[in-house]
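Structure below is work_9.csv: CSV, C-alpha atoms.
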chain,number,residue,atom,x,y,z
S,1,MET,CA,88.7,177.3,74.9
S,2,ALA,CA,89.9,175.8,71.7
S,3,TRP,CA,92.0,173.2,73.6
S,4,TYR,CA,88.8,172.2,75.5
S,5,TRP,CA,86.9,171.5,72.3
S,6,VAL,CA,89.9,169.6,70.8
S,7,GLY,CA,90.2,167.5,73.9
S,8,GLY,CA,86.5,166.7,74.0
S,9,ALA,CA,86.5,165.6,70.4
S,10,SER,CA,89.5,163.5,71.0
S,11,ARG,CA,87.8,161.7,73.9
S,12,ARG,CA,84.7,161.1,71.9
S,13,LEU,CA,86.7,159.7,69.1
S,14,ARG,CA,88.6,157.3,71.4
S,15,LYS,CA,85.3,156.2,73.1
S,16,SER,CA,83.7,155.6,69.7
S,17,SER,CA,86.7,153.5,68.5
S,18,LEU,CA,86.7,151.5,71.7
S,19,SER,CA,83.0,150.8,71.6
S,20,SER,CA,83.2,149.6,68.0
S,21,SER,CA,86.2,147.5,68.7
S,22,THR,CA,84.5,146.0,71.7
S,23,LEU,CA,81.3,145.3,69.7
S,24,TYR,CA,83.3,143.7,66.9
S,25,LEU,CA,85.3,141.6,69.4
S,26,SER,CA,82.2,140.3,71.2
S,27,ARG,CA,80.5,139.5,67.9
S,28,SER,CA,83.5,137.7,66.5
S,29,ILE,CA,83.9,135.6,69.7
S,30,PHE,CA,80.4,134.8,70.7
S,31,ASN,CA,78.7,134.9,67.3
S,32,PRO,CA,81.2,134.8,64.5
S,33,LEU,CA,78.5,134.7,61.8
S,34,SER,CA,77.0,137.9,62.9
S,35,SER,CA,79.8,140.1,61.6
S,36,THR,CA,79.2,141.3,58.0
S,37,THR,CA,82.4,143.2,57.7
S,38,SER,CA,85.3,141.3,56.1
S,39,HIS,CA,88.5,141.4,58.1
S,40,PRO,CA,92.0,140.0,57.3
S,41,THR,CA,92.4,136.3,58.1
S,42,PRO,CA,95.1,135.8,60.6
S,43,ASN,CA,97.9,133.4,60.0
S,44,PRO,CA,96.7,130.0,61.2
S,45,ASN,CA,100.2,129.1,62.3
S,46,TYR,CA,100.5,132.2,64.5
S,47,LEU,CA,98.9,130.7,67.6
S,48,LYS,CA,100.3,127.2,67.3
S,49,PRO,CA,103.2,127.8,69.8
S,50,PHE,CA,100.6,128.9,72.4
S,51,ARG,CA,97.5,126.9,71.7
S,52,PRO,CA,97.2,123.4,70.2
S,53,GLN,CA,94.9,123.0,67.2
S,54,TYR,CA,92.1,120.4,67.4
S,55,ASN,CA,89.7,118.9,64.9
S,56,GLN,CA,86.7,116.7,65.3
S,57,PHE,CA,88.9,113.6,65.6
S,58,THR,CA,91.2,114.9,68.3
S,59,PRO,CA,90.5,114.1,72.0
S,60,ILE,CA,89.9,117.3,73.9
S,61,PRO,CA,92.2,117.9,76.9
S,62,THR,CA,90.7,117.6,80.3
S,63,LEU,CA,91.6,119.6,83.4
S,64,GLU,CA,91.7,117.7,86.7
S,65,PHE,CA,91.3,119.2,90.2
S,66,PHE,CA,92.1,117.6,93.4
S,67,LYS,CA,92.5,118.7,97.0
S,68,SER,CA,96.0,118.5,98.4
S,69,ASP,CA,98.0,119.9,101.3
S,70,TRP,CA,95.9,122.3,103.4
S,71,GLY,CA,93.9,123.8,100.6
S,72,PHE,CA,93.0,123.3,96.9
S,73,ARG,CA,95.8,122.8,94.5
S,74,PHE,CA,95.1,123.3,90.8
S,75,VAL,CA,96.7,120.7,88.5
S,76,ALA,CA,96.5,121.2,84.8
S,77,HIS,CA,96.8,117.6,83.7
S,78,ILE,CA,96.8,117.5,79.9
S,79,SER,CA,95.7,114.0,78.9
S,80,SER,CA,93.5,112.7,76.1
S,81,SER,CA,90.4,110.7,76.9
S,82,LYS,CA,91.7,107.8,74.9
S,83,GLU,CA,95.1,107.8,76.7
S,84,ASP,CA,93.4,107.7,80.1
S,85,GLN,CA,91.4,104.6,79.3
S,86,SER,CA,92.8,101.2,80.3
S,87,SER,CA,92.6,98.0,78.4
S,88,ASN,CA,89.1,97.2,79.6
S,89,GLY,CA,87.4,100.2,78.0
S,90,GLY,CA,88.2,102.8,80.6
S,91,LEU,CA,86.3,101.1,83.5
S,92,GLU,CA,89.5,100.9,85.6
S,93,PRO,CA,91.7,103.7,86.7
S,94,SER,CA,95.1,104.0,85.1
S,95,PRO,CA,97.6,102.4,87.4
S,96,SER,CA,100.3,104.9,86.6
S,97,LYS,CA,98.4,107.8,88.2
S,98,ALA,CA,99.3,108.7,91.8
S,99,GLU,CA,96.3,108.3,94.1
S,100,VAL,CA,95.7,111.1,96.7
S,101,SER,CA,95.3,109.6,100.2
S,102,TRP,CA,95.1,110.9,103.7
S,103,ILE,CA,98.9,111.0,103.7
S,104,ASP,CA,98.9,113.7,101.1
S,105,LEU,CA,96.2,115.7,102.8
S,106,TYR,CA,97.2,115.7,106.4
S,107,LEU,CA,100.9,114.8,106.9
S,108,PRO,CA,103.7,117.3,106.7
S,109,LYS,CA,105.4,117.3,103.3
S,110,HIS,CA,108.7,115.9,104.4
S,111,ALA,CA,107.0,112.9,106.1
S,112,ARG,CA,104.8,111.8,103.2
S,113,PRO,CA,107.4,109.8,101.2
S,114,TYR,CA,108.2,107.8,104.4
S,115,ALA,CA,104.6,107.1,105.1
S,116,HIS,CA,104.1,106.0,101.5
S,117,LEU,CA,107.2,103.8,101.8
S,118,ALA,CA,105.6,102.0,104.8
S,119,ARG,CA,102.3,101.8,103.0
S,120,LEU,CA,100.5,103.4,105.9
S,121,ASP,CA,97.6,104.4,103.6
S,122,LYS,CA,97.1,100.7,102.6
S,123,PRO,CA,96.5,98.8,105.8
S,124,ILE,CA,95.5,95.5,104.2
S,125,GLY,CA,99.1,94.3,104.6
S,126,THR,CA,99.0,95.0,108.3
S,127,TRP,CA,95.7,93.1,108.7
S,128,LEU,CA,97.1,90.1,106.8
S,129,LEU,CA,100.2,90.1,109.0
S,130,ALA,CA,98.3,90.6,112.2
S,131,TRP,CA,95.5,88.1,111.9
S,132,PRO,CA,97.6,84.9,112.3
S,133,CYS,CA,99.1,86.5,115.5
S,134,MET,CA,95.6,87.2,116.9
S,135,TRP,CA,94.5,83.6,116.0
S,136,SER,CA,97.4,82.2,117.9
S,137,ILE,CA,97.0,84.4,120.9
S,138,SER,CA,93.3,83.6,121.2
S,139,LEU,CA,93.9,79.9,120.9
S,140,ALA,CA,96.5,80.1,123.7
S,141,ALA,CA,93.9,81.7,126.0
S,142,SER,CA,92.5,79.5,128.8
S,143,PRO,CA,89.1,77.9,128.2
S,144,GLY,CA,86.3,80.3,129.1
S,145,ASN,CA,88.6,83.3,129.2
S,146,PHE,CA,89.3,86.2,126.8
S,147,PRO,CA,92.7,86.5,125.1
S,148,ASP,CA,95.4,88.6,126.6
S,149,PHE,CA,94.5,92.2,125.4
S,150,LYS,CA,98.0,93.6,126.2
S,151,MET,CA,99.6,90.9,124.1
S,152,MET,CA,97.2,91.6,121.2
S,153,LEU,CA,98.0,95.3,121.4
S,154,LEU,CA,101.7,94.6,121.3
S,155,PHE,CA,101.4,92.3,118.3
S,156,GLY,CA,99.1,94.7,116.5
S,157,CYS,CA,101.8,97.5,116.8
S,158,GLY,CA,104.5,94.9,115.8
S,159,ALA,CA,102.5,93.9,112.7
S,160,LEU,CA,102.3,97.6,111.7
S,161,LEU,CA,106.1,98.1,112.1
S,162,LEU,CA,107.2,94.8,110.6
S,163,ARG,CA,104.9,95.3,107.6
S,164,GLY,CA,106.4,98.8,107.1
S,165,ALA,CA,109.9,97.4,107.4
S,166,GLY,CA,109.1,94.6,104.9
S,167,CYS,CA,107.8,97.1,102.4
S,168,THR,CA,110.9,99.2,102.8
S,169,ILE,CA,113.2,96.3,102.3
S,170,ASN,CA,111.2,95.2,99.2
S,171,ASP,CA,111.3,98.7,97.7
S,172,LEU,CA,115.1,99.0,98.3
S,173,LEU,CA,115.9,95.7,96.7
S,174,ASP,CA,113.3,96.0,93.9
S,175,ARG,CA,113.9,99.6,92.9
S,176,ASP,CA,115.3,98.6,89.5
S,177,ILE,CA,112.2,96.5,88.8
S,178,ASP,CA,109.6,98.9,90.2
S,179,THR,CA,110.6,101.6,87.7
S,180,LYS,CA,109.4,99.2,84.9
S,181,VAL,CA,106.1,98.2,86.4
S,182,GLU,CA,103.1,100.5,86.0
S,183,ARG,CA,101.7,99.8,89.5
S,184,THR,CA,104.9,100.4,91.3
S,185,LYS,CA,106.9,103.0,89.4
S,186,LEU,CA,105.6,105.9,91.6
S,187,ARG,CA,106.8,104.4,94.8
S,188,PRO,CA,109.1,106.7,96.8
S,189,VAL,CA,112.5,105.0,96.1
S,190,ALA,CA,111.7,104.0,92.5
S,191,SER,CA,110.5,107.5,91.7
S,192,GLY,CA,113.5,109.2,93.3
S,193,LEU,CA,111.5,111.0,96.1
S,194,LEU,CA,113.8,109.1,98.6
S,195,SER,CA,117.3,108.0,98.1
S,196,PRO,CA,118.4,104.5,99.0
S,197,PHE,CA,120.3,105.9,102.0
S,198,GLN,CA,117.1,107.6,103.3
S,199,GLY,CA,115.2,104.4,102.8
S,200,LEU,CA,117.8,102.4,104.7
S,201,SER,CA,117.8,104.9,107.5
S,202,PHE,CA,114.0,104.7,107.8
S,203,LEU,CA,114.3,100.9,107.8
S,204,GLY,CA,116.7,101.1,110.8
S,205,PHE,CA,114.3,103.3,112.6
S,206,GLN,CA,111.4,100.9,112.1
S,207,LEU,CA,113.5,97.9,113.2
S,208,LEU,CA,114.6,99.8,116.3
S,209,LEU,CA,110.9,100.3,117.3
S,210,GLY,CA,110.2,96.7,116.5
S,211,LEU,CA,113.0,95.6,118.8
S,212,GLY,CA,111.4,97.6,121.6
S,213,ILE,CA,108.2,95.6,121.2
S,214,LEU,CA,110.1,92.3,120.9
S,215,LEU,CA,111.9,93.0,124.2
S,216,GLN,CA,108.5,93.1,126.0
S,217,LEU,CA,108.2,89.3,125.3
S,218,ASN,CA,109.7,86.3,127.0
S,219,ASN,CA,113.2,85.0,126.0
S,220,TYR,CA,111.8,82.1,123.9
S,221,SER,CA,109.7,84.5,121.9
S,222,ARG,CA,112.6,87.0,121.4
S,223,ILE,CA,114.7,84.3,119.8
S,224,LEU,CA,111.7,83.0,117.7
S,225,GLY,CA,110.8,86.6,116.7
S,226,ALA,CA,114.3,87.6,115.7
S,227,SER,CA,114.7,84.5,113.5
S,228,SER,CA,111.9,85.7,111.3
S,229,LEU,CA,114.1,88.6,110.0
S,230,LEU,CA,115.9,86.1,107.8
S,231,LEU,CA,112.6,85.5,106.0
S,232,VAL,CA,111.7,89.2,105.9
S,233,PHE,CA,115.0,90.2,104.3
S,234,SER,CA,115.2,87.4,101.8
S,235,TYR,CA,111.6,87.4,100.5
S,236,PRO,CA,112.0,90.2,97.9
S,237,LEU,CA,114.7,88.1,96.2
S,238,MET,CA,112.5,85.1,95.7
S,239,LYS,CA,110.7,86.4,92.7
S,240,ARG,CA,114.0,86.4,90.8
S,241,TRP,CA,114.7,82.8,91.6
S,242,THR,CA,111.5,80.8,91.8
S,243,PHE,CA,107.9,80.8,90.5
S,244,TRP,CA,106.8,80.3,94.1
S,245,PRO,CA,107.5,83.6,95.9
S,246,GLN,CA,104.0,83.5,97.2
S,247,ALA,CA,104.7,80.4,99.2
S,248,TYR,CA,107.8,82.1,100.7
S,249,LEU,CA,105.7,85.1,101.6
S,250,GLY,CA,103.3,82.6,103.4
S,251,LEU,CA,106.2,81.3,105.5
S,252,THR,CA,107.1,85.0,106.3
S,253,PHE,CA,103.6,86.5,106.9
S,254,ASN,CA,102.3,83.7,109.1
S,255,TRP,CA,105.3,83.6,111.5
S,256,GLY,CA,103.0,85.2,114.1
S,257,ALA,CA,101.0,82.0,114.3
S,258,LEU,CA,104.0,80.5,116.0
S,259,LEU,CA,105.1,83.6,117.9
S,260,GLY,CA,101.7,84.5,119.4
S,261,TRP,CA,101.4,81.1,121.1
S,262,ALA,CA,105.0,81.3,122.3
S,263,ALA,CA,104.5,84.8,123.8
S,264,VAL,CA,101.6,83.5,125.9
S,265,LYS,CA,102.7,80.0,126.8
S,266,GLY,CA,106.5,80.4,126.7
S,267,SER,CA,106.9,77.4,124.4
S,268,LEU,CA,105.2,75.8,121.3
S,269,ASP,CA,102.6,73.0,121.0
S,270,PRO,CA,103.3,71.6,117.6
S,271,ALA,CA,99.9,69.8,117.4
S,272,ILE,CA,98.1,73.1,117.6
S,273,VAL,CA,100.5,75.7,116.1
S,274,LEU,CA,101.9,73.8,113.2
S,275,PRO,CA,98.5,73.2,111.6
S,276,LEU,CA,97.6,76.8,112.3
S,277,TYR,CA,100.9,78.0,110.6
S,278,ILE,CA,100.4,75.7,107.6
S,279,SER,CA,96.8,77.0,107.2
S,280,GLY,CA,98.1,80.5,107.0
S,281,VAL,CA,100.7,79.5,104.4
S,282,PHE,CA,98.0,78.0,102.2
S,283,TRP,CA,95.7,81.1,102.8
S,284,THR,CA,98.6,83.3,101.6
S,285,LEU,CA,99.0,81.2,98.5
S,286,VAL,CA,95.3,82.0,97.7
S,287,TYR,CA,95.2,85.7,98.2
S,288,ASP,CA,98.7,86.5,97.0
S,289,THR,CA,98.3,84.5,93.8
S,290,ILE,CA,95.1,86.6,93.1
S,291,TYR,CA,97.1,89.7,93.9
S,292,ALA,CA,99.9,88.7,91.5
S,293,HIS,CA,97.6,88.5,88.6
S,294,GLN,CA,97.5,92.3,88.6
S,295,ASP,CA,101.2,92.5,87.5
S,296,LYS,CA,101.5,89.4,85.3
S,297,GLU,CA,102.0,91.4,82.1
S,298,ASP,CA,104.7,93.6,83.6
S,299,ASP,CA,106.3,90.6,85.4
S,300,LEU,CA,106.7,88.9,82.0
S,301,LYS,CA,108.4,92.0,80.6
S,302,VAL,CA,110.9,92.5,83.4
S,303,GLY,CA,111.5,88.8,83.9
S,304,VAL,CA,110.3,88.2,87.4
S,305,LYS,CA,108.3,85.1,88.5
S,306,SER,CA,105.1,84.4,90.4
S,307,THR,CA,102.5,81.7,90.9
S,308,ALA,CA,100.2,83.7,88.7
S,309,LEU,CA,102.6,83.1,85.8
S,310,ARG,CA,103.2,79.5,86.9
S,311,PHE,CA,99.5,78.5,87.1
S,312,GLY,CA,98.2,80.6,84.2
S,313,ASP,CA,94.8,79.5,83.1
S,314,SER,CA,94.7,76.8,85.8
S,315,THR,CA,94.9,79.4,88.6
S,316,LYS,CA,91.4,78.8,90.0
S,317,GLU,CA,92.0,75.0,90.2
S,318,TRP,CA,95.3,75.6,92.1
S,319,ILE,CA,93.9,78.2,94.6
S,320,THR,CA,90.8,76.0,95.2
S,321,GLY,CA,93.2,73.3,96.3
S,322,PHE,CA,95.1,75.7,98.5
S,323,GLY,CA,91.8,77.0,100.0
S,324,ILE,CA,90.7,73.4,100.9
S,325,ALA,CA,94.1,72.7,102.5
S,326,SER,CA,93.8,76.0,104.5
S,327,ILE,CA,90.4,75.2,105.9
S,328,SER,CA,91.3,71.6,106.7
S,329,SER,CA,94.4,72.7,108.6
S,330,LEU,CA,92.4,75.3,110.6
S,331,ALA,CA,89.9,72.5,111.5
S,332,LEU,CA,92.7,70.2,112.6
S,333,SER,CA,94.3,73.0,114.7
S,334,GLY,CA,90.9,73.7,116.4
S,335,PHE,CA,90.3,70.0,117.0
S,336,ASN,CA,93.7,69.6,118.7
S,337,ALA,CA,93.1,72.7,120.8
S,338,GLU,CA,89.8,71.2,122.0
S,339,ILE,CA,87.9,74.4,121.0
S,340,GLY,CA,84.1,74.8,121.3
S,341,TRP,CA,81.6,74.3,118.6
S,342,PRO,CA,81.1,78.0,117.6
S,343,TYR,CA,84.6,77.8,116.0
S,344,TYR,CA,83.4,75.4,113.4
S,345,ALA,CA,80.3,77.5,112.6
S,346,PHE,CA,82.5,80.4,111.9
S,347,LEU,CA,84.9,78.2,110.0
S,348,ALA,CA,82.1,77.2,107.7
S,349,ALA,CA,81.3,80.9,107.1
S,350,ALA,CA,85.0,81.6,106.4
S,351,SER,CA,85.0,78.7,103.9
S,352,GLY,CA,82.1,80.4,102.1
S,353,GLN,CA,83.9,83.7,102.0
S,354,LEU,CA,87.0,82.1,100.6
S,355,ALA,CA,85.0,80.1,98.0
S,356,TRP,CA,83.3,83.4,96.9
S,357,GLN,CA,86.7,84.9,96.3
S,358,ILE,CA,87.9,82.1,94.2
S,359,TRP,CA,84.8,81.5,92.1
S,360,THR,CA,83.9,85.1,91.4
S,361,VAL,CA,87.3,86.7,90.9
S,362,ASP,CA,88.0,88.0,87.4
S,363,LEU,CA,91.7,87.3,87.0
S,364,SER,CA,91.9,89.5,83.9
S,365,SER,CA,90.7,92.6,85.8
S,366,ARG,CA,93.2,94.4,88.0
S,367,ALA,CA,90.4,96.1,89.9
S,368,ASP,CA,88.6,92.9,90.7
S,369,CYS,CA,91.8,91.1,91.7
S,370,ASN,CA,92.5,93.9,94.1
S,371,ARG,CA,89.0,93.9,95.6
S,372,LYS,CA,89.2,90.2,96.2
S,373,PHE,CA,92.6,90.5,97.7
S,374,VAL,CA,91.5,93.3,100.1
S,375,SER,CA,88.5,91.2,101.2
S,376,ASN,CA,90.8,88.7,102.9
S,377,LYS,CA,90.8,91.0,106.0
S,378,TRP,CA,87.2,89.7,106.5
S,379,PHE,CA,88.3,86.1,106.2
S,380,GLY,CA,90.9,86.7,109.0
S,381,ALA,CA,88.3,88.5,111.1
S,382,ILE,CA,85.8,85.6,110.8
S,383,ILE,CA,88.4,83.0,111.9
S,384,PHE,CA,89.4,85.2,114.8
S,385,SER,CA,85.8,85.5,115.9
S,386,GLY,CA,85.4,81.8,115.7
S,387,ILE,CA,88.4,81.2,117.9
S,388,LEU,CA,87.3,83.8,120.4
S,389,PHE,CA,83.7,82.4,120.8
S,390,GLY,CA,85.0,78.9,120.6
S,391,ARG,CA,87.4,79.5,123.5
S,392,LEU,CA,84.8,81.3,125.6
S,393,SER,CA,82.4,78.3,125.2
S,394,SER,CA,85.0,75.6,125.7

Since I need it in another form, could you write the structure as structure tokens?
Amino acid sequence: MAWYWVGGASRRLRKSSLSSSTLYLSRSIFNPLSSTTSHPTPNPNYLKPFRPQYNQFTPIPTLEFFKSDWGFRFVAHISSSKEDQSSNGGLEPSPSKAEVSWIDLYLPKHARPYAHLARLDKPIGTWLLAWPCMWSISLAASPGNFPDFKMMLLFGCGALLLRGAGCTINDLLDRDIDTKVERTKLRPVASGLLSPFQGLSFLGFQLLLGLGILLQLNNYSRILGASSLLLVFSYPLMKRWTFWPQAYLGLTFNWGALLGWAAVKGSLDPAIVLPLYISGVFWTLVYDTIYAHQDKEDDLKVGVKSTALRFGDSTKEWITGFGIASISSLALSGFNAEIGWPYYAFLAAASGQLAWQIWTVDLSSRADCNRKFVSNKWFGAIIFSGILFGRLSS
């Protein structure tokens, strides 16, 4: 019986102590001014290894969440609000942060670096490579007829593969430069996600698939298509040697203006395809000079060249001249092809789109340069629509 009373008293004592401790803890946490009892002040340095100290002038860390893989992944990204702001007052995202795309959400983990290497989540390059091919195939169609759909499908797949191969070559040759540039330092080869050997193996795989498409064409087109590889492999080196790598890119990216016609006709008509090819080169000088303004500060630091650095404050005057030359060459190509009047109506609309890009682009804003660059897919689509309706009406 005595043990029963002793045990009960002990339980009541523990309960009372626990209640008072809990009450004090809740007061001290949620209302520190409500406690009237003085308690020893803990050593302020005691918690420093576990919890950083902040004052009113210290930016508070933020926690960022994003969806990844097949569920939600929690990422504790400690960054101050001042560090996350870019040079224009925080209106643009920091270029060094990796963006989460459909590749990261839906592809298997081992396939993601290769998809990023081929820029599958950024299709603008494929569009810019494909449009000159589509222009040429449509121009080669017989008057009053639609272009060869099978040929357009082959060239669309070829543009996807060749653009991926070009990006792979570029990243392999530029991996020492990419690590020093904010926009490119997270690319798979530069960041170490893929080794150079893995990148080279992936390049071989893409070229093998491209060869399968090239073999579907006539012999003249096979030789013409294979000759473009010299341009593809040498383009990444141009920025080390000349301030005009954008012109060299134009020669590379618009090869389809020659190849598309040859694939349909079996030969080239210089009066039609050469002005078309030249118009694409000038068009590339417009959009890739705008694109190059995103990296001009980093390019100066690492010592590579571009038309953005060459033109400087005179960029808009230069690209206005290139735009006029591009539209004029397109008009000459259509005239020589005896295309119908709708082509010229669409050409006028494309001129307005190009003029809008040049006049409104803010060359000091990376975000705006990128927006104007991406808008060139619509320029290509307008020209294609003009050729299509012009051929049907001729």

Exercise. Between atom CA of S:Trp255 and atom CA of S:Phe146, what is the distance, to one decimal in Å?
Worked result: 22.3 Å

Exercise. Out of S:Leu392, S:Leu224, S:Asp295, S:Ser326, which residue has the shortest atom-to-atom distance to S:Gly250 when counting all atoms listed in the file?
Worked result: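 The answer is S:Ser326, which sits nearest to S:Gly250.
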
Problem set entry | Contacts of S:Ser328 within 12 Å, only C-alpha atoms, excl. fewer than 2 positions in-chain, as a ChimeraX atom specification | /S:275-276,278-280,282-283,321-326,330-335,344,347-348,350-351

For this session: Find, counting all atoms listed in the file, the residue in S:Ala140, S:Leu388, S:Cys133, S:Leu160 that gets nearest to S:Ala257.
Result: S:Cys133

Problem set entry | Shell of 10 Å around stretch 198-200 of chain S, all atoms listed in the file, local chain residues under 3 positions omitted, as a PyMOL selection string | chain S and resi 113-114+117+165+168-169+171-172+188-189+193-195+203-206

Exercise. Within 9 Å of (100.2, 86.8, 89.5), all atoms listed in the file: residues as a list in words?
Worked result: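 Output of the proximity query reads Asp288, Thr289, Ile290, Tyr291, Ala292, His293, Gln294, Asp295, Lys296, Glu297, Asp299, Lys305, Ser306, Thr307, Ala308, Leu309, Arg310, Phe311, Gly312 and Leu363 of chain S.
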
Exercise. Between S:Phe389, S:Phe384, S:Phe233, S:Tyr220, which is the closest to S:Trp341 once you count all atoms listed in the file?
Worked result: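 Of S:Phe389, S:Phe384, S:Phe233, S:Tyr220, the one nearest S:Trp341, counting all atoms listed in the file, is S:Phe389.
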
For this session: Name the residues in contact with S:Ala159 at a cut-off of 9 Å, using all atoms listed in the file, excluding same-chain residues fewer than 5 positions from it; report them as a PyMOL selection string.
Result: chain S and resi 125-130+133+154+164+256

For this session: Mind checking which residues fall within 8 Å of S:Trp261, counting only C-alpha atoms, ignoring those fewer than 2 positions away in the same chain, and posting them as a PyMOL selection string?
Result: chain S and resi 136-137+139-140+257-259+263-268+273

Exercise. Which value, in Å to one decimal, gives the distance between atom CA of S:Asn219 and atom CA of S:Asn145?
Worked result: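 Interatomic distance here is 24.9 Å.
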
Problem set entry | atom CA of S:Pro143 to atom CA of S:Ile382, distance in Å rounded to a single decimal |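 Separating atom CA of S:Pro143 from atom CA of S:Ile382 is a distance of 19.3 Å.
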